[in-house]
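The next block is input19.cif, given as mmCIF, C-alpha atoms.
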data_start
loop_
_atom_site.label_atom_id
_atom_site.label_comp_id
_atom_site.auth_asym_id
_atom_site.auth_seq_id
_atom_site.Cartn_x
_atom_site.Cartn_y
_atom_site.Cartn_z
CA ILE L 1208 11.99 3.43 -12.99
CA SER L 1209 12.26 4.48 -9.34
CA THR L 1210 14.40 4.04 -6.24
CA SER L 1211 13.78 4.65 -2.54
CA ILE L 1212 16.03 4.21 0.52
CA GLU L 1213 15.27 3.17 4.11
CA TYR L 1214 18.01 3.92 6.66
CA PHE L 1215 18.77 1.90 9.81
CA ASP L 1216 20.34 2.98 13.11
CA ASP L 1217 23.48 0.89 12.53
CA GLY L 1218 24.37 2.85 9.40
CA SER L 1219 23.12 0.27 6.94
CA TYR L 1220 20.27 0.91 4.55
CA LEU L 1221 17.80 -0.83 2.28
CA VAL L 1222 17.43 0.30 -1.33
CA THR L 1223 14.15 -0.49 -3.12
CA THR L 1224 14.42 -0.40 -6.91
CA LEU L 1225 11.58 -0.72 -9.42
CA THR L 1226 12.64 -1.70 -12.93
CA GLU L 1227 10.83 -2.62 -16.13
CA GLU L 1228 12.18 -5.76 -17.74
CA THR L 1229 10.20 -6.31 -20.93
CA THR L 1230 7.18 -4.81 -22.62
CA ASN L 1231 5.05 -6.11 -25.47
CA SER L 1232 2.74 -3.23 -26.26
CA ARG L 1233 0.96 -5.16 -29.01
CA ALA L 1234 0.04 -7.96 -26.61
CA ASN L 1235 -0.50 -5.51 -23.72
CA THR L 1236 1.87 -7.41 -21.45
CA LYS L 1237 4.62 -6.13 -19.20
CA THR L 1238 7.21 -7.69 -16.91
CA GLY L 1239 8.90 -5.81 -14.10
CA ASN L 1240 10.99 -6.29 -11.00
CA LYS L 1241 11.07 -4.84 -7.53
CA THR L 1242 14.35 -5.41 -5.70
CA TYR L 1243 15.46 -4.90 -2.11
CA THR L 1244 19.22 -4.40 -1.75
CA HIS L 1245 20.71 -4.25 1.74
CA ILE L 1246 23.87 -2.16 2.01
CA ASP L 1247 26.00 -2.41 5.16
CA SER L 1248 27.59 0.52 7.00
CA ASN L 1249 30.74 0.14 4.89
CA GLY L 1250 28.81 0.53 1.66
CA ASN L 1251 28.97 -3.13 0.68
CA THR L 1252 26.00 -5.15 -0.55
CA SER L 1253 24.90 -7.72 2.04
CA TRP L 1254 22.00 -9.31 0.19
CA THR L 1255 19.31 -8.73 -2.41
CA TYR L 1256 15.76 -10.00 -2.74
CA LYS L 1257 13.77 -9.59 -5.95
CA ILE L 1258 10.28 -10.32 -7.13
CA THR L 1259 9.42 -10.48 -10.81
CA GLY L 1260 5.86 -9.99 -11.99
CA THR L 1261 4.29 -10.36 -15.42
CA PHE L 1262 1.10 -8.46 -16.12
CA SER L 1263 -1.53 -8.16 -18.80
CA TYR L 1264 -3.53 -4.95 -19.14
CA THR L 1265 -6.43 -3.80 -21.27
CA GLY L 1266 -6.78 -0.09 -20.58
CA SER L 1267 -9.65 -0.72 -18.20
CA SER L 1268 -8.14 -3.44 -16.00
CA SER L 1269 -4.93 -5.37 -15.36
CA THR L 1270 -3.99 -8.81 -14.04
CA CYS L 1271 -0.83 -10.33 -12.65
CA THR L 1272 -0.31 -13.51 -14.66
CA ALA L 1273 2.93 -14.77 -13.13
CA VAL L 1274 5.24 -14.06 -10.20
CA SER L 1275 8.60 -15.39 -9.05
CA ASP L 1276 11.20 -14.39 -6.50
CA SER L 1277 14.94 -14.83 -6.05
CA TYR L 1278 17.70 -13.77 -3.71
CA THR L 1279 21.46 -13.50 -3.40
CA ILE L 1280 23.57 -13.28 -0.24
CA SER L 1281 26.98 -11.61 -0.44
CA THR L 1282 28.28 -12.03 3.11
CA ASP L 1283 28.71 -14.98 5.47
CA ASN L 1284 26.80 -13.45 8.39
CA TRP L 1285 23.46 -12.92 6.64
CA HIS L 1286 21.20 -15.92 6.15
CA MET L 1287 17.89 -16.50 4.40
CA SER L 1288 15.24 -17.36 6.97
CA SER L 1289 12.19 -17.48 4.70
CA HIS L 1290 10.81 -16.12 1.46
CA SER L 1291 7.62 -16.54 -0.54
CA CYS L 1292 5.70 -14.92 -3.36
CA SER L 1293 2.13 -14.88 -4.63
CA LYS L 1294 -0.16 -13.00 -6.99
CA SER L 1295 -3.54 -11.42 -6.41
CA GLY L 1296 -5.46 -9.37 -8.92
CA ASN L 1297 -3.08 -6.87 -10.48
CA THR L 1298 -0.38 -7.28 -7.81
CA ALA L 1299 2.65 -9.52 -7.32
CA ASN L 1300 3.58 -9.96 -3.66
CA GLY L 1301 6.70 -11.15 -1.92
CA THR L 1302 7.77 -11.60 1.69
CA VAL L 1303 11.34 -12.04 2.88
CA THR L 1304 12.99 -12.53 6.26
CA MET L 1305 16.77 -12.25 6.50
CA LYS L 1306 18.77 -12.92 9.68
CA TYR L 1307 22.20 -11.63 10.68
CA LYS L 1308 24.01 -14.16 12.83
CA VAL L 1309 27.19 -13.88 14.90
CA LEU L 1310 28.61 -17.16 16.19
CA GLY L 1311 25.26 -18.78 15.46
CA ILE L 1312 23.27 -16.21 17.44
CA THR L 1313 20.77 -13.99 15.62
CA ALA L 1314 21.80 -10.37 16.14
CA ASN L 1315 19.45 -8.75 13.61
CA THR L 1316 16.35 -9.69 11.64
CA ILE L 1317 14.86 -7.84 8.69
CA THR L 1318 11.39 -8.81 7.46
CA ARG L 1319 9.79 -6.95 4.60
CA ASN L 1320 6.72 -7.33 2.43
CA ILE L 1321 7.15 -6.22 -1.15
CA SER L 1322 4.52 -5.64 -3.81
CA LEU L 1323 4.60 -4.85 -7.51
CA SER L 1324 1.46 -3.62 -9.21
CA CYS L 1325 0.44 -2.72 -12.74
CA SER L 1326 -2.21 -0.17 -13.59
CA ALA L 1327 -4.90 -0.66 -16.22
CA THR L 1328 -2.76 1.28 -18.67
CA GLY L 1329 0.44 -0.65 -17.99
CA THR L 1330 2.22 1.54 -15.45
CA LEU L 1331 4.22 -0.37 -12.85
CA SER L 1332 4.38 0.72 -9.21
#
Could you quickly redo this structure as structure tokens?
Amino acid sequence: ISTSIEYFDDGSYLVTTLTEETTNSRANTKTGNKTYTHIDSNGNTSWTYKITGTFSYTGSSSTCTAVSDSYTISTDNWHMSSHSCSKSGNTANGTVTMKYKVLGITANTITRNISLSCSATGTLS
């Protein structure tokens, strides 16, 4: 549905992608994903973190009914430090901290909060 990019001083960047997974318009339910993809300065994927939210909506309100998160790491130097997800009202929330280590020493840390919301009419954001 949408993509945004955050650039870092070292030439790497973080791509945020919002996608719609499934929709059941008769049941007024929708499932979507929001994914962070870290790309290094050489253009290679370092890691991804994704939250998946399922929502029900009525036209006048919406509710997040389920949330999950997942991650993949594509390089030896990046490590998962922590991740969690939760739901509140019409929003699925996730938090991730990734660490870049060289010879066991942390050289870089990226922490991001991610949220996925659904409007009363079923629009994800």
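Of the listed residues L:Asn1249, L:Thr1242, L:Asn1235, L:Thr1230, the one whose atoms come nearest to L:Ile1212 is L:Thr1242, with distances taken using all atoms listed in the file.
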Near L:Thr1261, counting all atoms listed in the file, which residues have an atom at most 7 Å away, once you skip same-chain residues fewer than 2 positions from it, shown as a VMD selection string?
chain L and resid 1237 to 1239 1259 1271 to 1274
Resolved residues for the PyMOL selection byres ((chain L and resi 1330) around 12) as a list in words:
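Output from the PyMOL selection byres ((chain L and resi 1330) around 12), applied to this file: Ile1208, Leu1225, Thr1226, Glu1227, Thr1230, Ser1232, Asn1235, Thr1236, Lys1237, Thr1238, Gly1239, Phe1262, Ser1263, Tyr1264, Thr1265, Gly1266, Ser1268, Ser1269, Asn1297, Thr1298, Leu1323, Ser1324, Cys1325, Ser1326, Ala1327, Thr1328, Gly1329, Leu1331 and Ser1332 of chain L.
Interatomic distance, atom CA of L:Ser1295 to atom CA of L:Ser1267: 17.1 Å.
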Which distance in Å separates atom CA of L:Thr1244 and atom CA of L:Lys1257, to one decimal?
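Rounded to one decimal, the two atoms are 8.6 Å apart.
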Which residue gives the smallest distance to L:Thr1279 among L:Ala1314, L:Cys1292, L:Met1305, L:Leu1221, with all atoms listed in the file counted?
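Closest candidate: L:Met1305.
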Between atom CA of L:His1290 and atom CA of L:Val1303, what is the distance in Å, rounded to a tenth?
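Calculated distance between atom CA of L:His1290 and atom CA of L:Val1303 is 4.4 Å.
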Using all atoms listed in the file: which of L:Thr1282, L:Gly1218, L:Ser1293, L:Asn1231 has the shortest distance to L:Val1309:
L:Thr1282
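You can rank L:Tyr1243, L:Tyr1307, L:Gly1260, L:Lys1294 by their closest distance to L:Tyr1278 using all atoms listed in the file, and at the top of that list sits L:Tyr1243.
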Selected residue, from L:Thr1270, L:Ser1275, L:Thr1313, L:Thr1252, that lies nearest to L:Asn1240 when counting only C-alpha atoms:
L:Ser1275
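Of the listed residues L:Ile1258, L:Ser1219, L:Ile1312, L:Ile1246, the one whose atoms come nearest to L:Ser1281 is L:Ile1246, with distances taken using only C-alpha atoms.
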Got a sec: who's within 10 Å of L:Asp1217, counting all atoms listed in the file, leaving out chain neighbours fewer than 3 positions off, as number ranges by chain?
L: 1214, 1220, 1247-1248
